[in-house]
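What follows is the content of final-v1.cif (mmCIF, C-alpha atoms).
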data_data
#
loop_
_atom_site.group_PDB
_atom_site.id
_atom_site.type_symbol
_atom_site.label_atom_id
_atom_site.label_comp_id
_atom_site.auth_asym_id
_atom_site.auth_seq_id
_atom_site.Cartn_x
_atom_site.Cartn_y
_atom_site.Cartn_z
ATOM 1 C CA MET A 1 0.000 0.000 0.000
ATOM 2 C CA MET A 2 2.863 2.334 0.946
ATOM 3 C CA LYS A 3 4.597 1.605 -2.353
ATOM 4 C CA LYS A 4 1.426 2.458 -4.273
ATOM 5 C CA LYS A 5 1.087 5.805 -2.419
ATOM 6 C CA LEU A 6 4.738 6.626 -3.050
ATOM 7 C CA ALA A 7 4.379 5.837 -6.756
ATOM 8 C CA LEU A 8 1.260 8.018 -6.936
ATOM 9 C CA ILE A 9 3.048 10.950 -5.252
ATOM 10 C CA ILE A 10 6.005 10.631 -7.646
ATOM 11 C CA ALA A 11 3.630 10.559 -10.645
ATOM 12 C CA VAL A 12 1.788 13.688 -9.436
ATOM 13 C CA VAL A 13 5.045 15.571 -8.822
ATOM 14 C CA PHE A 14 6.321 14.600 -12.299
ATOM 15 C CA LEU A 15 3.059 15.789 -13.889
ATOM 16 C CA VAL A 16 3.184 19.129 -12.039
ATOM 17 C CA LEU A 17 6.802 19.719 -13.069
ATOM 18 C CA THR A 18 6.031 18.816 -16.692
ATOM 19 C CA VAL A 19 3.060 21.205 -16.871
ATOM 20 C CA ALA A 20 5.093 23.948 -15.189
ATOM 21 C CA GLY A 21 7.890 23.414 -17.702
ATOM 22 C CA CYS A 22 5.503 23.606 -20.635
ATOM 23 C CA GLY A 23 4.015 26.794 -19.257
ATOM 24 C CA SER A 24 7.468 28.280 -18.864
ATOM 25 C CA ASN A 25 8.358 27.389 -22.476
ATOM 26 C CA GLN A 26 5.064 28.791 -23.741
ATOM 27 C CA ASN A 27 5.609 32.002 -21.803
ATOM 28 C CA GLN A 28 9.163 32.243 -23.200
ATOM 29 C CA ASN A 29 7.947 31.638 -26.761
ATOM 30 C CA ALA A 30 5.204 34.208 -26.303
ATOM 31 C CA GLY A 31 7.757 36.660 -24.989
ATOM 32 C CA ASP A 32 10.045 36.036 -27.943
ATOM 33 C CA GLN A 33 7.177 36.496 -30.372
ATOM 34 C CA GLY A 34 6.175 39.711 -28.650
ATOM 35 C CA GLN A 35 9.738 40.942 -28.832
ATOM 36 C CA ASN A 36 9.970 40.109 -32.560
ATOM 37 C CA GLN A 37 6.658 41.797 -33.234
ATOM 38 C CA GLY A 38 7.886 44.854 -31.339
ATOM 39 C CA GLU A 39 10.964 45.227 -33.537
ATOM 40 C CA GLU A 40 10.451 47.859 -36.230
ATOM 41 C CA LYS A 41 11.380 46.729 -39.744
ATOM 42 C CA VAL A 42 13.922 48.906 -41.497
ATOM 43 C CA THR A 43 12.372 50.604 -44.509
ATOM 44 C CA MET A 44 13.580 52.928 -47.242
ATOM 45 C CA ARG A 45 12.076 55.096 -49.951
ATOM 46 C CA VAL A 46 14.257 55.128 -53.060
ATOM 47 C CA GLY A 47 14.645 57.889 -55.634
ATOM 48 C CA ALA A 48 16.403 57.634 -59.000
ATOM 49 C CA ASP A 49 17.195 59.657 -62.106
ATOM 50 C CA VAL A 50 16.243 57.259 -64.887
ATOM 51 C CA THR A 51 18.125 59.071 -67.670
ATOM 52 C CA PHE A 52 21.449 57.407 -66.892
ATOM 53 C CA PRO A 53 21.602 54.124 -68.818
ATOM 54 C CA PRO A 54 22.715 51.439 -68.207
ATOM 55 C CA PHE A 55 22.614 52.325 -64.486
ATOM 56 C CA GLU A 56 19.067 53.737 -64.453
ATOM 57 C CA MET A 57 16.546 53.669 -67.264
ATOM 58 C CA VAL A 58 12.932 52.860 -68.073
ATOM 59 C CA ILE A 59 12.189 49.878 -70.293
ATOM 60 C CA ASN A 60 8.571 49.030 -71.145
ATOM 61 C CA GLY A 61 7.413 51.318 -68.352
ATOM 62 C CA GLU A 62 9.577 49.645 -65.714
ATOM 63 C CA VAL A 63 12.431 51.336 -63.852
ATOM 64 C CA THR A 64 15.477 49.130 -64.281
ATOM 65 C CA GLY A 65 19.267 49.166 -64.614
ATOM 66 C CA PHE A 66 22.414 48.247 -62.706
ATOM 67 C CA ASP A 67 21.794 50.600 -59.764
ATOM 68 C CA ILE A 68 18.193 49.440 -59.440
ATOM 69 C CA ASP A 69 19.296 45.805 -59.327
ATOM 70 C CA LEU A 70 21.963 46.735 -56.791
ATOM 71 C CA ILE A 71 19.700 48.556 -54.333
ATOM 72 C CA LYS A 72 17.131 45.741 -54.539
ATOM 73 C CA ALA A 73 19.850 43.151 -53.860
ATOM 74 C CA ILE A 74 21.052 45.140 -50.840
ATOM 75 C CA ALA A 75 17.473 45.321 -49.556
ATOM 76 C CA GLU A 76 17.181 41.547 -49.880
ATOM 77 C CA VAL A 77 20.408 40.602 -48.086
ATOM 78 C CA GLU A 78 19.829 43.179 -45.316
ATOM 79 C CA ASN A 79 16.092 42.520 -44.911
ATOM 80 C CA ILE A 80 15.165 46.121 -45.770
ATOM 81 C CA GLU A 81 11.712 46.894 -47.113
ATOM 82 C CA ILE A 82 11.559 49.236 -50.108
ATOM 83 C CA VAL A 83 8.420 51.299 -49.548
ATOM 84 C CA GLY A 84 6.305 52.004 -52.613
ATOM 85 C CA ASP A 85 7.595 52.434 -56.136
ATOM 86 C CA ILE A 86 10.990 53.888 -56.920
ATOM 87 C CA GLN A 87 10.461 57.639 -57.245
ATOM 88 C CA THR A 88 11.817 59.091 -60.475
ATOM 89 C CA MET A 89 13.080 62.677 -60.673
ATOM 90 C CA ASP A 90 15.675 64.881 -62.332
ATOM 91 C CA PHE A 91 19.237 64.454 -61.104
ATOM 92 C CA GLN A 92 19.166 67.976 -59.647
ATOM 93 C CA GLY A 93 16.200 67.025 -57.460
ATOM 94 C CA LEU A 94 17.724 64.006 -55.750
ATOM 95 C CA ILE A 95 19.836 65.691 -53.062
ATOM 96 C CA PRO A 96 17.100 68.213 -52.120
ATOM 97 C CA ALA A 97 14.661 65.285 -51.846
ATOM 98 C CA LEU A 98 17.069 63.557 -49.454
ATOM 99 C CA GLN A 99 17.512 66.729 -47.422
ATOM 100 C CA THR A 100 13.760 67.201 -47.020
ATOM 101 C CA ASN A 101 13.298 63.482 -46.246
ATOM 102 C CA SER A 102 11.012 62.980 -49.228
ATOM 103 C CA ILE A 103 13.194 59.939 -49.969
ATOM 104 C CA ASP A 104 15.757 58.060 -47.885
ATOM 105 C CA VAL A 105 18.102 56.822 -50.597
ATOM 106 C CA ALA A 106 19.110 58.008 -54.072
ATOM 107 C CA VAL A 107 20.741 55.948 -56.825
ATOM 108 C CA ALA A 108 21.852 57.600 -60.046
ATOM 109 C CA GLY A 109 25.512 56.866 -60.623
ATOM 110 C CA ILE A 110 26.182 59.704 -58.171
ATOM 111 C CA THR A 111 29.820 60.704 -57.941
ATOM 112 C CA ILE A 112 31.063 60.962 -54.367
ATOM 113 C CA ARG A 113 32.178 64.577 -53.965
ATOM 114 C CA GLU A 114 33.120 66.626 -50.924
ATOM 115 C CA ASP A 115 30.489 69.294 -51.567
ATOM 116 C CA ARG A 116 27.753 66.681 -51.869
ATOM 117 C CA ALA A 117 28.987 64.845 -48.767
ATOM 118 C CA LYS A 118 28.172 67.959 -46.750
ATOM 119 C CA GLN A 119 24.537 67.578 -47.746
ATOM 120 C CA VAL A 120 24.038 63.795 -47.734
ATOM 121 C CA ASN A 121 25.830 60.677 -46.562
ATOM 122 C CA PHE A 122 27.468 58.382 -49.080
ATOM 123 C CA SER A 123 27.884 54.634 -48.983
ATOM 124 C CA LYS A 124 31.190 52.987 -49.722
ATOM 125 C CA PRO A 125 32.163 53.349 -53.398
ATOM 126 C CA TYR A 126 30.655 50.625 -55.571
ATOM 127 C CA TYR A 127 31.806 51.608 -59.083
ATOM 128 C CA HIS A 128 34.871 53.433 -60.432
ATOM 129 C CA SER A 129 34.181 55.594 -63.465
ATOM 130 C CA GLY A 130 35.354 58.758 -65.208
ATOM 131 C CA ILE A 131 34.413 61.391 -67.770
ATOM 132 C CA THR A 132 35.277 61.148 -71.459
ATOM 133 C CA LEU A 133 34.431 63.259 -74.482
ATOM 134 C CA LEU A 134 31.828 62.068 -76.969
ATOM 135 C CA VAL A 135 31.910 63.676 -80.422
ATOM 136 C CA ARG A 136 30.299 63.016 -83.795
ATOM 137 C CA ALA A 137 31.876 60.218 -85.809
ATOM 138 C CA ASP A 138 33.227 62.626 -88.431
ATOM 139 C CA SER A 139 34.641 65.130 -85.903
ATOM 140 C CA ASP A 140 38.306 66.219 -85.921
ATOM 141 C CA ILE A 141 38.264 66.853 -82.171
ATOM 142 C CA GLN A 142 40.855 64.724 -80.396
ATOM 143 C CA GLY A 143 40.606 66.051 -76.847
ATOM 144 C CA VAL A 144 39.856 68.987 -74.548
ATOM 145 C CA GLU A 145 42.630 71.059 -76.149
ATOM 146 C CA ASP A 146 40.566 71.167 -79.361
ATOM 147 C CA LEU A 147 37.446 72.573 -77.713
ATOM 148 C CA LYS A 148 38.434 76.231 -77.471
ATOM 149 C CA GLY A 149 35.826 78.300 -79.297
ATOM 150 C CA LYS A 150 33.482 75.333 -79.465
ATOM 151 C CA THR A 151 30.320 74.238 -77.639
ATOM 152 C CA VAL A 152 29.783 71.334 -75.259
ATOM 153 C CA ALA A 153 26.425 69.930 -74.168
ATOM 154 C CA VAL A 154 26.254 68.800 -70.532
ATOM 155 C CA LYS A 155 23.782 67.329 -68.115
ATOM 156 C CA LEU A 156 22.862 69.957 -65.535
ATOM 157 C CA GLY A 157 24.603 69.657 -62.173
ATOM 158 C CA THR A 158 26.963 66.839 -63.146
ATOM 159 C CA THR A 159 30.736 66.748 -62.833
ATOM 160 C CA GLY A 160 31.033 67.536 -66.540
ATOM 161 C CA ASP A 161 28.879 70.638 -66.083
ATOM 162 C CA ILE A 162 31.029 71.864 -63.190
ATOM 163 C CA MET A 163 34.344 71.069 -64.898
ATOM 164 C CA PHE A 164 33.633 72.694 -68.270
ATOM 165 C CA SER A 165 31.885 75.716 -66.776
ATOM 166 C CA GLU A 166 35.244 76.644 -65.251
ATOM 167 C CA MET A 167 37.094 76.452 -68.585
ATOM 168 C CA GLU A 168 37.614 79.615 -70.599
ATOM 169 C CA GLY A 169 36.723 79.842 -74.267
ATOM 170 C CA ILE A 170 34.177 76.995 -74.196
ATOM 171 C CA THR A 171 30.416 77.534 -74.478
ATOM 172 C CA VAL A 172 28.364 75.288 -72.215
ATOM 173 C CA LYS A 173 24.788 74.250 -73.008
ATOM 174 C CA ARG A 174 22.960 72.626 -70.095
ATOM 175 C CA PHE A 175 20.198 70.019 -70.306
ATOM 176 C CA ASN A 176 18.102 68.219 -67.714
ATOM 177 C CA ASN A 177 18.991 64.787 -69.052
ATOM 178 C CA ILE A 178 21.770 63.251 -71.092
ATOM 179 C CA ASP A 179 19.469 62.198 -73.943
ATOM 180 C CA GLU A 180 18.849 65.873 -74.739
ATOM 181 C CA ALA A 181 22.595 66.561 -74.703
ATOM 182 C CA TYR A 182 23.188 63.666 -77.104
ATOM 183 C CA ARG A 183 20.485 64.954 -79.454
ATOM 184 C CA GLU A 184 22.094 68.392 -79.412
ATOM 185 C CA LEU A 185 25.386 66.780 -80.448
ATOM 186 C CA ILE A 186 23.830 64.698 -83.246
ATOM 187 C CA ASN A 187 21.888 67.719 -84.555
ATOM 188 C CA GLY A 188 25.027 69.865 -84.698
ATOM 189 C CA GLY A 189 24.109 72.201 -81.854
ATOM 190 C CA ALA A 190 27.137 71.064 -79.832
ATOM 191 C CA ASP A 191 30.595 69.792 -80.690
ATOM 192 C CA ALA A 192 31.120 67.416 -77.755
ATOM 193 C CA VAL A 193 29.449 65.899 -74.720
ATOM 194 C CA PRO A 194 31.553 65.361 -71.576
ATOM 195 C CA PHE A 195 29.921 62.650 -69.484
ATOM 196 C CA ASP A 196 30.472 59.349 -67.713
ATOM 197 C CA ASN A 197 32.235 56.885 -69.985
ATOM 198 C CA PRO A 198 29.969 53.858 -69.266
ATOM 199 C CA VAL A 199 26.961 55.893 -70.383
ATOM 200 C CA HIS A 200 28.783 56.987 -73.551
ATOM 201 C CA GLN A 201 29.612 53.359 -74.332
ATOM 202 C CA HIS A 202 25.985 52.361 -73.849
ATOM 203 C CA TYR A 203 24.902 55.111 -76.268
ATOM 204 C CA ILE A 204 27.546 54.075 -78.820
ATOM 205 C CA ASN A 205 26.199 50.513 -78.704
ATOM 206 C CA THR A 206 22.540 51.578 -79.029
ATOM 207 C CA GLU A 207 21.008 54.770 -80.497
ATOM 208 C CA GLY A 208 24.340 56.392 -81.368
ATOM 209 C CA LYS A 209 25.833 53.447 -83.195
ATOM 210 C CA GLY A 210 27.909 54.663 -86.142
ATOM 211 C CA LYS A 211 27.089 58.308 -85.354
ATOM 212 C CA VAL A 212 29.438 59.106 -82.463
ATOM 213 C CA LYS A 213 32.773 58.143 -80.934
ATOM 214 C CA VAL A 214 34.746 58.685 -77.730
ATOM 215 C CA VAL A 215 38.005 60.607 -78.038
ATOM 216 C CA GLY A 216 40.934 61.138 -75.675
ATOM 217 C CA GLU A 217 41.604 59.654 -72.269
ATOM 218 C CA LEU A 218 39.576 59.662 -69.074
ATOM 219 C CA LEU A 219 39.384 63.256 -67.859
ATOM 220 C CA THR A 220 38.568 62.308 -64.283
ATOM 221 C CA GLY A 221 38.598 59.346 -61.956
ATOM 222 C CA GLU A 222 35.310 59.077 -60.091
ATOM 223 C CA ASP A 223 33.694 56.761 -57.593
ATOM 224 C CA TYR A 224 29.934 56.239 -57.510
ATOM 225 C CA GLY A 225 28.177 55.983 -54.154
ATOM 226 C CA ILE A 226 24.627 55.464 -52.906
ATOM 227 C CA ALA A 227 23.374 58.724 -51.373
ATOM 228 C CA VAL A 228 21.552 58.432 -48.050
ATOM 229 C CA SER A 229 19.695 61.039 -46.000
ATOM 230 C CA LYS A 230 21.778 62.289 -43.065
ATOM 231 C CA SER A 231 18.774 61.543 -40.846
ATOM 232 C CA ARG A 232 19.133 57.798 -41.574
ATOM 233 C CA PRO A 233 22.543 56.662 -40.234
ATOM 234 C CA ASP A 234 20.949 53.278 -39.464
ATOM 235 C CA LEU A 235 20.178 52.826 -43.140
ATOM 236 C CA LEU A 236 23.666 53.869 -44.223
ATOM 237 C CA GLU A 237 25.143 51.180 -41.976
ATOM 238 C CA LYS A 238 22.912 48.505 -43.483
ATOM 239 C CA ILE A 239 23.633 49.598 -47.055
ATOM 240 C CA ASN A 240 27.382 49.402 -46.454
ATOM 241 C CA SER A 241 26.913 45.989 -44.858
ATOM 242 C CA GLY A 242 24.908 44.880 -47.911
ATOM 243 C CA LEU A 243 27.627 46.094 -50.282
ATOM 244 C CA ASP A 244 30.210 44.087 -48.333
ATOM 245 C CA LYS A 245 28.075 40.964 -48.566
ATOM 246 C CA LEU A 246 27.416 41.385 -52.283
#
Please render this file's structure as structure tokens.
Amino acid sequence: MMKKKLALIIAVVFLVLTVAGCGSNQNQNAGDQGQNQGEEKVTMRVGADVTFPPFEMVINGEVTGFDIDLIKAIAEVENIEIVGDIQTMDFQGLIPALQTNSIDVAVAGITIREDRAKQVNFSKPYYHSGITLLVRADSDIQGVEDLKGKTVAVKLGTTGDIMFSEMEGITVKRFNNIDEAYRELINGGADAVPFDNPVHQHYINTEGKGKVKVVGELLTGEDYGIAVSKSRPDLLEKINSGLDKL
């Protein structure tokens, strides 16, 4: 009889401990779930100038290009949510949009420059580029030294705009996008277009095939960076981490 009572007591104690343990695990799981639900997901609103092929462009109504693929890949590896559609705007509007927090990130083959770094944060460099001269296929221009008394077409606010505006004896025509500058060159309204060499090469291989050529050497050495609002240091850290992983 005593043995039966002892066995019953042991069974009851075991049951109580088991139930208590399950309750503790359930409470812990619930706490973990509550903690996860309480964590705020990192989000970003992205802006782009889509007149910079092959880095940004619109094909069949869709914003695409190298930079677009890159920012989406970073978002994936860093678990960042891109909010809404990618906002398209002129290059000149990107930094003001970051400063007013209309967007959090801008991608547009943006050259990392000291003056811009005072206004926005930049990621680590992700592409090394430089400016070259594009001229018509039948042009005698060989380099910058041949441009005195001539006209260049530039994209407003770019490194080429700044560089050639400081040169004497050269007329500068400014356009909101590079396509307009290229048309000005083809139509004879300009003698050269100073712009990023990868974009020139893309134009030579597409619409400008047989009509234009690049002359001379690289005029600059430039690094592209992803521009981030100074109010989002958390996002800058994640973007740099994503670049490292990729």
Point to revise | Residue neighbourhood Leu236 (chain A), 10 Å, all atoms listed in the file, exclusion window fewer than 2 positions, as a PyMOL selection string | key: chain A and resi 104-105+121-124+226-234+238-242
Output as a Markdown table one row per residue of region 116-178 of chain A within 12 Å of region 48-68 of chain A: the closest atom pair and its distance in Å to one decimal place, counting all atoms listed in the file, sorted by chain and residue number ascending.
| residue | atom | partner | partner_atom | distance |
| --- | --- | --- | --- | --- |
| A:Tyr126 | CA | A:Asp67 | CA | 9.8 |
| A:Tyr127 | CA | A:Asp67 | CA | 10.1 |
| A:Lys155 | CA | A:Thr51 | CA | 10.0 |
| A:Thr158 | CA | A:Phe52 | CA | 11.5 |
| A:Phe175 | CA | A:Thr51 | CA | 11.5 |
| A:Asn176 | CA | A:Thr51 | CA | 9.1 |
| A:Asn177 | CA | A:Thr51 | CA | 5.9 |
| A:Ile178 | CA | A:Thr51 | CA | 6.5 |
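Proximity to Ile74 (chain A) was assessed for A:Ile131, A:Ser165, A:Met44, A:Tyr203 counting all atoms listed in the file; the smallest distance is recorded for A:Met44.
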**Study point:** Output of the PyMOL selection byres ((chain A and resi 182) around 12), listed as a PyMOL selection string
**Key:** chain A and resi 51+133-136+152-155+173-181+183-195+199-200+203-204+207-208+211-213
Practice item. Determine the residue set returned by the PyMOL selection byres ((chain A and resi 43) around 7) for the present structure, and present it as number ranges by chain. Key: A: 41-42, 44, 80-83
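Minimum distance to Glu217 (chain A) across A:Asn197, A:Thr132, A:Thr171, A:Asn205 (counting all atoms listed in the file) occurs at A:Thr132.
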Check your understanding: Between CA of Ile162 (chain A) and CA of Gln92 (chain A), what is the spacing in Å?
Key ->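 These two atoms are separated by 13.0 Å.
CA of Asp138 (chain A) to CA of Gly216 (chain A) spans 15.0 Å [interatomic distance, one decimal].
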Check your understanding: What gap, in Å, lies between CA of Asp223 (chain A) and CA of Asn101 (chain A)?
Key ->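 Those two atoms sit 24.3 Å apart.
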Review point. Which residue, A:Glu145, A:Asp244, A:Glu166, A:Asp90, has the smallest gap to Val107 (chain A) when you use all atoms listed in the file?
Key: A:Asp90
**Study point:** Selection as a list in words: residues within 12 Å of (18.4, 69.7, -52.4), counting only C-alpha atoms
**Key:**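 Residues close enough to count: Asp90, Phe91, Gln92, Gly93, Leu94, Ile95, Pro96, Ala97, Leu98, Gln99, Thr100, Asn101, Ser102, Ile103, Ala106, Arg116, Lys118, Gln119, Val120, Gly157 and Ser229 of chain A.
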Write a file of the selected residues as a short mmCIF file (atom, residue, chain, number, x, y, z; two decimals), keeping the file's coordinate frame, keeping C-alpha atoms.
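And here's selection-v1.cif as it stands now:
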data_model
loop_
_atom_site.label_atom_id
_atom_site.label_comp_id
_atom_site.auth_asym_id
_atom_site.auth_seq_id
_atom_site.Cartn_x
_atom_site.Cartn_y
_atom_site.Cartn_z
CA ASP A 90 15.68 64.88 -62.33
CA PHE A 91 19.24 64.45 -61.10
CA GLN A 92 19.17 67.98 -59.65
CA GLY A 93 16.20 67.03 -57.46
CA LEU A 94 17.72 64.01 -55.75
CA ILE A 95 19.84 65.69 -53.06
CA PRO A 96 17.10 68.21 -52.12
CA ALA A 97 14.66 65.28 -51.85
CA LEU A 98 17.07 63.56 -49.45
CA GLN A 99 17.51 66.73 -47.42
CA THR A 100 13.76 67.20 -47.02
CA ASN A 101 13.30 63.48 -46.25
CA SER A 102 11.01 62.98 -49.23
CA ILE A 103 13.19 59.94 -49.97
CA ALA A 106 19.11 58.01 -54.07
CA ARG A 116 27.75 66.68 -51.87
CA LYS A 118 28.17 67.96 -46.75
CA GLN A 119 24.54 67.58 -47.75
CA VAL A 120 24.04 63.80 -47.73
CA GLY A 157 24.60 69.66 -62.17
CA SER A 229 19.70 61.04 -46.00
#
Check your understanding: Which one of A:Gly47, A:Gly225, A:Gly130, A:Gly160 sits closest to Thr88 (chain A) if you count only C-alpha atoms?
Key ->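 Among the listed residues, A:Gly47 lies closest to Thr88 (chain A).
Between Asp115 (chain A) and the residues A:Leu235, A:Phe164, A:Leu147, A:Thr159, the shortest atom-to-atom distance, using only C-alpha atoms, involves A:Thr159.
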Review point. Taking into account all atoms listed in the file, which residue in the set A:Glu114, A:Glu168, A:Lys245, A:Ala108 is nearest to Asp196 (chain A)?
Key: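 Of the candidates, the smallest distance to Asp196 (chain A) is held by A:Ala108.
When the PyMOL selection byres ((chain A and resi 170) around 7) is evaluated against the file, it yields A:Leu147, A:Lys148, A:Gly149, A:Lys150, A:Thr151, A:Met167, A:Glu168, A:Gly169, A:Thr171, A:Val172.
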